[in-house]
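What follows is a single structure, written as structure tokens, with notes after it.
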Amino acid sequence: MKILVPDTIDLDLTSLDNDIVVYQVDQPIPSAHRDAEVLVAWRNTAGNLEDAAKQMPSLRLVQTLAAGPDSVLAAGFADTVAITSGRSLHDGPVAEHALALVLAAVRRLDVLLESQKAATWNQPYNTAQSDPATEQLYTLDGANVTIWGFGSIAGRLAPLLAALGAKVTGVASSKGERYGFPVVAADEFHEVLGSTDLLISILPATAETTDALHEDILRHLPASAIFVNVGRGATVDEDALLAALQEGRLRAAALDVTKVEPLPADSQLWAAPNLIITPHVAGNRPKGAGPLVTANVKALKEGQPLTNQVAG
């Protein structure tokens, strides 16, 4: 069995007795290797994936190392090709970055960094942060945090927030309890929003989640609330978010993902008030990718269920 692995990551697949070939993720698959049965994808261009979908007739498995398999699903692979995601590989790194963005937004480190650049001791900030009337805005202790998309990443993030005193509620397709935290379904989402201090989105990009954060959702949030997105850019109506920030209907926001990436230099988001932007770096470090690929290749050979299968 021939396995194509991307040139964007080093994978330890030494336990596999296979023909392993490294390929370039921004170039068409070489004709000599289009007979491969397994394709591992990580940071591939859309053109590369589309080429693979058309030119690899022997393909049986596409293993993406991304938590969200949307780019692979959109490439047009045949229904006979199994597609598996990198779910769980990014739980730790994304949770870390989400926490960093949360703390930066809550403590308004963006404001303080601007003061540092201007060599200014920001006394107004100091006064607001210590004022009993506003001090709750500057802490997670006692804050109501709603995590939208309560999967394995949320399972890592929620305890970190709780350890700092936050009251965490999840939103998912069905209500109940996950990872020890209460979870509400979509029909109760609006009720939760009214008391949310911090809304964190970890939603995947699907047809159903396109522009999930829209004007109506934003208007149900208190003006003192903060929004953080470490999921997918397609899930946010950026015009609605921009308007909420410009009109002061949202205290602050932090985005690691945007609809168009890289974010164009002329995007209004760059100059939006009270907005922190990072360049899609939350999950750039898959942890345990080698063992996942190894396990799925072995399962494929043995006709066993695949881990994280999303299609095929």
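Ordering of the structure tokens sets the chain letters (A, B, ...); residue numbers start at 1 within each chain; ligands are numbered from 1 in the order shown.
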
Inset, instruction - Quick one: everything within 10 Å of A:Lys167, counting only C-alpha atoms, minus sequence neighbours fewer than 3 positions away in the same chain. Send it as a PyMOL selection string. - result: chain A and resi 140-146+158-159+161-164+181-182+196-197

Selection export as a CSV table (one decimal), in the first residue's frame, atoms kept: all heavy atoms:
```csv
chain,number,residue,atom,x,y,z
A,140,LEU,N,-12.4,36.8,34.7
A,140,LEU,CA,-13.2,35.6,34.4
A,140,LEU,C,-13.9,35.1,35.7
A,140,LEU,O,-14.8,34.2,35.6
A,140,LEU,CB,-12.3,34.6,33.8
A,140,LEU,CG,-11.9,34.7,32.3
A,140,LEU,CD1,-11.0,33.6,31.9
A,140,LEU,CD2,-13.2,34.6,31.5
A,141,ASP,N,-13.4,35.5,36.8
A,141,ASP,CA,-14.0,35.0,38.1
A,141,ASP,C,-15.4,35.5,38.2
A,141,ASP,O,-15.7,36.6,38.3
A,141,ASP,CB,-13.2,35.6,39.2
A,141,ASP,CG,-13.5,34.8,40.5
A,141,ASP,OD1,-14.2,33.8,40.5
A,141,ASP,OD2,-13.0,35.3,41.6
A,142,GLY,N,-16.4,34.5,38.1
A,142,GLY,CA,-17.8,34.8,38.2
A,142,GLY,C,-18.4,35.1,36.8
A,142,GLY,O,-19.6,35.3,36.8
A,143,ALA,N,-17.6,35.1,35.8
A,143,ALA,CA,-18.2,35.4,34.4
A,143,ALA,C,-19.0,34.2,33.9
A,143,ALA,O,-18.6,33.0,34.1
A,143,ALA,CB,-17.1,35.7,33.5
A,144,ASN,N,-20.0,34.5,33.1
A,144,ASN,CA,-20.8,33.5,32.5
A,144,ASN,C,-20.2,33.3,31.1
A,144,ASN,O,-20.3,34.2,30.2
A,144,ASN,CB,-22.3,33.9,32.3
A,144,ASN,CG,-23.0,33.9,33.7
A,144,ASN,OD1,-22.8,33.1,34.5
A,144,ASN,ND2,-23.8,35.0,33.9
A,145,VAL,N,-19.6,32.1,30.8
A,145,VAL,CA,-19.0,31.8,29.6
A,145,VAL,C,-19.8,30.8,28.8
A,145,VAL,O,-20.1,29.7,29.4
A,145,VAL,CB,-17.5,31.3,29.8
A,145,VAL,CG1,-16.9,30.9,28.4
A,145,VAL,CG2,-16.7,32.3,30.5
A,146,THR,N,-20.2,31.1,27.6
A,146,THR,CA,-20.9,30.2,26.7
A,146,THR,C,-20.0,29.7,25.6
A,146,THR,O,-19.4,30.5,24.9
A,146,THR,CB,-22.1,30.8,26.1
A,146,THR,OG1,-23.0,31.3,27.2
A,146,THR,CG2,-22.9,29.9,25.3
A,158,ALA,N,-12.9,24.2,28.6
A,158,ALA,CA,-13.9,24.5,29.7
A,158,ALA,C,-13.2,24.4,31.1
A,158,ALA,O,-13.5,25.3,31.9
A,158,ALA,CB,-15.1,23.6,29.6
A,159,PRO,N,-12.5,23.3,31.4
A,159,PRO,CA,-11.9,23.2,32.7
A,159,PRO,C,-10.9,24.3,33.0
A,159,PRO,O,-10.8,24.8,34.2
A,159,PRO,CB,-11.2,21.9,32.7
A,159,PRO,CG,-11.9,21.1,31.7
A,159,PRO,CD,-12.3,22.1,30.6
A,161,LEU,N,-11.1,27.4,32.0
A,161,LEU,CA,-11.9,28.6,32.3
A,161,LEU,C,-12.6,28.5,33.7
A,161,LEU,O,-12.6,29.4,34.4
A,161,LEU,CB,-13.0,28.8,31.2
A,161,LEU,CG,-12.6,29.0,29.8
A,161,LEU,CD1,-13.7,28.9,28.8
A,161,LEU,CD2,-11.9,30.4,29.7
A,162,ALA,N,-13.0,27.3,34.0
A,162,ALA,CA,-13.6,27.0,35.3
A,162,ALA,C,-12.6,27.2,36.4
A,162,ALA,O,-13.0,27.7,37.5
A,162,ALA,CB,-14.3,25.6,35.3
A,163,ALA,N,-11.4,26.8,36.1
A,163,ALA,CA,-10.3,26.9,37.1
A,163,ALA,C,-10.1,28.4,37.5
A,163,ALA,O,-9.6,28.7,38.6
A,163,ALA,CB,-9.0,26.3,36.6
A,164,LEU,N,-10.4,29.3,36.6
A,164,LEU,CA,-10.3,30.8,36.8
A,164,LEU,C,-11.6,31.4,37.4
A,164,LEU,O,-11.7,32.6,37.5
A,164,LEU,CB,-9.8,31.5,35.6
A,164,LEU,CG,-8.4,31.1,35.1
A,164,LEU,CD1,-8.1,31.7,33.7
A,164,LEU,CD2,-7.4,31.5,36.1
A,181,PHE,N,-19.9,19.5,32.2
A,181,PHE,CA,-20.5,20.9,32.1
A,181,PHE,C,-21.9,20.8,31.5
A,181,PHE,O,-22.1,19.9,30.6
A,181,PHE,CB,-19.6,21.8,31.3
A,181,PHE,CG,-18.2,22.1,31.9
A,181,PHE,CD1,-17.1,21.3,31.7
A,181,PHE,CD2,-18.1,23.2,32.8
A,181,PHE,CE1,-15.9,21.5,32.3
A,181,PHE,CE2,-16.9,23.4,33.4
A,181,PHE,CZ,-15.8,22.6,33.1
A,182,PRO,N,-22.8,21.7,31.9
A,182,PRO,CA,-24.1,21.7,31.3
A,182,PRO,C,-24.1,22.1,29.9
A,182,PRO,O,-23.3,23.1,29.5
A,182,PRO,CB,-24.9,22.7,32.2
A,182,PRO,CG,-23.8,23.6,32.8
A,182,PRO,CD,-22.6,22.7,33.0
A,196,THR,N,-24.9,36.0,28.9
A,196,THR,CA,-23.5,35.6,28.6
A,196,THR,C,-22.5,36.8,28.6
A,196,THR,O,-22.8,37.9,28.0
A,196,THR,CB,-23.5,35.0,27.1
A,196,THR,OG1,-24.2,33.8,27.1
A,196,THR,CG2,-22.1,34.8,26.7
A,197,ASP,N,-21.5,36.6,29.4
A,197,ASP,CA,-20.4,37.6,29.4
A,197,ASP,C,-19.4,37.4,28.3
A,197,ASP,O,-18.8,38.4,27.8
A,197,ASP,CB,-19.7,37.6,30.8
A,197,ASP,CG,-20.6,38.0,31.9
A,197,ASP,OD1,-21.3,39.0,31.8
A,197,ASP,OD2,-20.7,37.2,32.9
```

Legend entry - DSSP helix (DSSP H, G or I) residues within stretch 149-209 of chain A, listed as a ChimeraX atom specification: /A:152-163,186-193

Inset, instruction - Choose the residue, out of A:Leu89, A:Leu113, A:Ala119, A:Leu11, that has the smallest atom-to-atom separation from A:Ala66; count only C-alpha atoms. - result: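 The answer is A:Leu89, which sits nearest to A:Ala66.
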
Neighbours of stretch 39-50 of chain A within 7 Å (only C-alpha atoms; same-chain residues fewer than 3 positions away dropped), as a PDB file with N, CA, C and O atoms, in the first residue's frame?
```
ATOM      1  N   ILE A   3       1.394   5.220   0.567  1.00  0.00           N
ATOM      2  CA  ILE A   3       0.830   6.304   1.376  1.00  0.00           C
ATOM      3  C   ILE A   3       1.544   7.600   1.020  1.00  0.00           C
ATOM      4  O   ILE A   3       2.777   7.683   1.071  1.00  0.00           O
ATOM      5  N   LEU A   4       0.784   8.626   0.654  1.00  0.00           N
ATOM      6  CA  LEU A   4       1.356   9.941   0.369  1.00  0.00           C
ATOM      7  C   LEU A   4       1.220  10.811   1.606  1.00  0.00           C
ATOM      8  O   LEU A   4       0.127  10.972   2.146  1.00  0.00           O
ATOM      9  N   VAL A   5       2.338  11.366   2.074  1.00  0.00           N
ATOM     10  CA  VAL A   5       2.331  12.232   3.250  1.00  0.00           C
ATOM     11  C   VAL A   5       2.787  13.630   2.841  1.00  0.00           C
ATOM     12  O   VAL A   5       3.660  13.786   1.972  1.00  0.00           O
ATOM     13  N   PRO A   6       2.225  14.673   3.441  1.00  0.00           N
ATOM     14  CA  PRO A   6       2.522  16.047   3.014  1.00  0.00           C
ATOM     15  C   PRO A   6       3.898  16.523   3.452  1.00  0.00           C
ATOM     16  O   PRO A   6       4.462  16.041   4.438  1.00  0.00           O
ATOM     17  N   THR A   8       4.460  19.322   4.696  1.00  0.00           N
ATOM     18  CA  THR A   8       4.228  20.381   5.677  1.00  0.00           C
ATOM     19  C   THR A   8       4.359  19.905   7.120  1.00  0.00           C
ATOM     20  O   THR A   8       4.189  20.695   8.043  1.00  0.00           O
ATOM     21  N   VAL A  25       2.278  19.935  -1.082  1.00  0.00           N
ATOM     22  CA  VAL A  25       0.849  20.209  -0.900  1.00  0.00           C
ATOM     23  C   VAL A  25       0.330  21.332  -1.797  1.00  0.00           C
ATOM     24  O   VAL A  25      -0.874  21.547  -1.883  1.00  0.00           O
ATOM     25  N   ASP A  26       1.242  22.044  -2.474  1.00  0.00           N
ATOM     26  CA  ASP A  26       0.811  23.137  -3.341  1.00  0.00           C
ATOM     27  C   ASP A  26       1.036  22.822  -4.822  1.00  0.00           C
ATOM     28  O   ASP A  26       0.976  23.715  -5.671  1.00  0.00           O
ATOM     29  N   GLN A  27       1.297  21.541  -5.121  1.00  0.00           N
ATOM     30  CA  GLN A  27       1.523  21.120  -6.502  1.00  0.00           C
ATOM     31  C   GLN A  27       0.621  19.924  -6.827  1.00  0.00           C
ATOM     32  O   GLN A  27       0.189  19.204  -5.932  1.00  0.00           O
ATOM     33  N   PRO A  28       0.329  19.692  -8.119  1.00  0.00           N
ATOM     34  CA  PRO A  28      -0.436  18.486  -8.485  1.00  0.00           C
ATOM     35  C   PRO A  28       0.311  17.232  -8.043  1.00  0.00           C
ATOM     36  O   PRO A  28       1.545  17.218  -7.974  1.00  0.00           O
ATOM     37  N   ALA A  53      -8.411  14.467  -6.035  1.00  0.00           N
ATOM     38  CA  ALA A  53      -9.742  13.868  -6.153  1.00  0.00           C
ATOM     39  C   ALA A  53     -10.010  13.360  -7.569  1.00  0.00           C
ATOM     40  O   ALA A  53     -10.681  12.346  -7.766  1.00  0.00           O
ATOM     41  N   LYS A  54      -9.445  14.059  -8.552  1.00  0.00           N
ATOM     42  CA  LYS A  54      -9.689  13.693  -9.954  1.00  0.00           C
ATOM     43  C   LYS A  54      -8.688  12.655 -10.480  1.00  0.00           C
ATOM     44  O   LYS A  54      -9.037  11.845 -11.343  1.00  0.00           O
ATOM     45  N   LEU A  61      -8.424   6.153   1.167  1.00  0.00           N
ATOM     46  CA  LEU A  61      -8.517   6.932   2.411  1.00  0.00           C
ATOM     47  C   LEU A  61      -7.823   8.269   2.263  1.00  0.00           C
ATOM     48  O   LEU A  61      -6.698   8.345   1.783  1.00  0.00           O
ATOM     49  N   VAL A  62      -8.510   9.327   2.687  1.00  0.00           N
ATOM     50  CA  VAL A  62      -7.886  10.640   2.839  1.00  0.00           C
ATOM     51  C   VAL A  62      -7.936  10.978   4.316  1.00  0.00           C
ATOM     52  O   VAL A  62      -9.025  11.108   4.897  1.00  0.00           O
ATOM     53  N   GLN A  63      -6.777  11.084   4.910  1.00  0.00           N
ATOM     54  CA  GLN A  63      -6.674  11.431   6.330  1.00  0.00           C
ATOM     55  C   GLN A  63      -6.214  12.879   6.435  1.00  0.00           C
ATOM     56  O   GLN A  63      -5.058  13.202   6.171  1.00  0.00           O
ATOM     57  N   THR A  64      -7.145  13.785   6.778  1.00  0.00           N
ATOM     58  CA  THR A  64      -6.726  15.160   7.003  1.00  0.00           C
ATOM     59  C   THR A  64      -6.318  15.307   8.457  1.00  0.00           C
ATOM     60  O   THR A  64      -6.911  14.698   9.351  1.00  0.00           O
ATOM     61  N   LEU A  65      -5.302  16.108   8.695  1.00  0.00           N
ATOM     62  CA  LEU A  65      -4.839  16.351  10.054  1.00  0.00           C
ATOM     63  C   LEU A  65      -5.514  17.576  10.653  1.00  0.00           C
ATOM     64  O   LEU A  65      -5.274  17.910  11.816  1.00  0.00           O
ATOM     65  N   ALA A  66      -6.373  18.225   9.877  1.00  0.00           N
ATOM     66  CA  ALA A  66      -7.134  19.367  10.379  1.00  0.00           C
ATOM     67  C   ALA A  66      -8.323  18.866  11.190  1.00  0.00           C
ATOM     68  O   ALA A  66      -8.923  17.836  10.868  1.00  0.00           O
ATOM     69  N   VAL A  72     -11.289  19.284   2.650  1.00  0.00           N
ATOM     70  CA  VAL A  72     -11.206  17.968   2.012  1.00  0.00           C
ATOM     71  C   VAL A  72     -12.574  17.549   1.490  1.00  0.00           C
ATOM     72  O   VAL A  72     -12.695  17.019   0.377  1.00  0.00           O
ATOM     73  N   ALA A  75     -13.413  19.076  -1.849  1.00  0.00           N
ATOM     74  CA  ALA A  75     -12.521  18.812  -2.981  1.00  0.00           C
ATOM     75  C   ALA A  75     -13.131  17.897  -4.035  1.00  0.00           C
ATOM     76  O   ALA A  75     -12.643  17.856  -5.168  1.00  0.00           O
ATOM     77  N   GLY A  76     -14.172  17.153  -3.672  1.00  0.00           N
ATOM     78  CA  GLY A  76     -14.844  16.312  -4.662  1.00  0.00           C
ATOM     79  C   GLY A  76     -14.365  14.876  -4.729  1.00  0.00           C
ATOM     80  O   GLY A  76     -14.464  14.248  -5.789  1.00  0.00           O
TER      81      GLY A  76
END
```

Inset, instruction - Find, counting only C-alpha atoms, the residue in A:Tyr179, A:Tyr138, A:Trp148, A:Phe189 that gets nearest to A:Asn229. - result: A:Trp148

Inset, instruction - Tell me which of A:Ile20, A:Ile217, A:Ala207, A:Ala67 sits closest to A:Ala289, counting only C-alpha atoms. - result: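 Ranked by minimum distance to A:Ala289, first place goes to A:Ala67.
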
Inset, instruction - Write out as a list in words which residues come within 12 Å of A:Pro262 when counting only C-alpha atoms, dropping same-chain ones fewer than 5 positions away. - result: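 That gives Gly233, Asp256, Val257, Ser267, Trp270, Ile277, Thr278, Pro279, His280 and Val281 of chain A.
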
Inset, instruction - Identify, on the basis of only C-alpha atoms, every residue whose closest approach to A:Phe150 does not exceed 8 Å; exclude the query and any residue fewer than 5 positions from it along the same chain; express the result as a PyMOL selection string. - result: chain A and resi 155+170-172+178+183+202

Kindly save the residues from that selection, with C-alpha atoms included, as a tab-separated table (two decimals), in the first residue's frame.
```
chain	number	residue	atom	x	y	z
A	155	GLY	CA	-13.58	19.60	26.67
A	170	GLY	CA	-22.00	24.62	26.34
A	171	VAL	CA	-24.17	24.82	23.24
A	172	ALA	CA	-24.46	21.74	21.04
A	178	ARG	CA	-20.51	16.87	28.52
A	183	VAL	CA	-24.95	21.85	27.64
A	202	ILE	CA	-15.60	26.56	18.14
```

Inset, instruction - Measure the distance from atom CA of A:Thr210 to atom CA of A:Leu242 in Å and round it to one decimal. - result: 16.7 Å

Inset, instruction - Determine, counting only C-alpha atoms, which protein, DNA and RNA residues have an atom within 7 Å of an atom of A:Asp91; residues of the same chain fewer than 5 positions away are not included. Present the result as a list in words. - result: Ser152, Ile153 and Arg156 of chain A

Go ahead and save the residues from that selection, with C-alpha atoms, as a PDB file, in the first residue's frame.
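The resulting file, result.pdb, is reproduced below:
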```pdb
ATOM      1  CA  SER A 152     -13.341  17.790  22.256  1.00  0.00           C
ATOM      2  CA  ILE A 153     -11.641  21.216  22.087  1.00  0.00           C
ATOM      3  CA  ARG A 156     -10.010  20.885  27.102  1.00  0.00           C
TER       4      ARG A 156
END
```

Legend entry - Nearby residues (only C-alpha atoms) at most 6 Å from A:Asp211, same-chain spacing under 5 positions excluded, as an MDAnalysis selection string: chainID A and resid 235:237

Export of prior selection with C-alpha atoms as a tab-separated table (two decimals), in the first residue's frame:
```tsv
chain	number	residue	atom	x	y	z
A	235	THR	CA	-19.45	30.82	10.73
A	236	VAL	CA	-19.39	34.60	11.30
A	237	ASP	CA	-21.33	37.30	9.48
```

Inset, instruction - Go through stretch 163-262 of chain A and collect every residue that DSSP, computed from the backbone, puts in strand (DSSP E); the answer should be as an MDAnalysis selection string. - result: chainID A and resid 167:171 176:178 181:184 198:201 226:229 252:255

Inset, instruction - Quote the spacing between atom CA of A:Ala225 and atom CA of A:Gly176 in Å to one decimal place. - result: 24.7 Å

Legend entry - Interatomic distance, atom CA of A:Val192 to atom CA of A:Ala252 (Å, one decimal):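 One can read the atom CA of A:Val192 to atom CA of A:Ala252 distance as 18.8 Å.
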
Inset, instruction - Could you check which of A:Tyr125, A:Ser195, A:Gly68, A:Val94 is closest to A:Asp110, using only C-alpha atoms? - result: A:Tyr125

Legend entry - For A:Leu300, the nearest of the candidates A:Ala185, A:Ala82, A:Ala133, A:Val230, counting only C-alpha atoms: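 Using only C-alpha atoms, the shortest distance to A:Leu300 belongs to A:Ala82.
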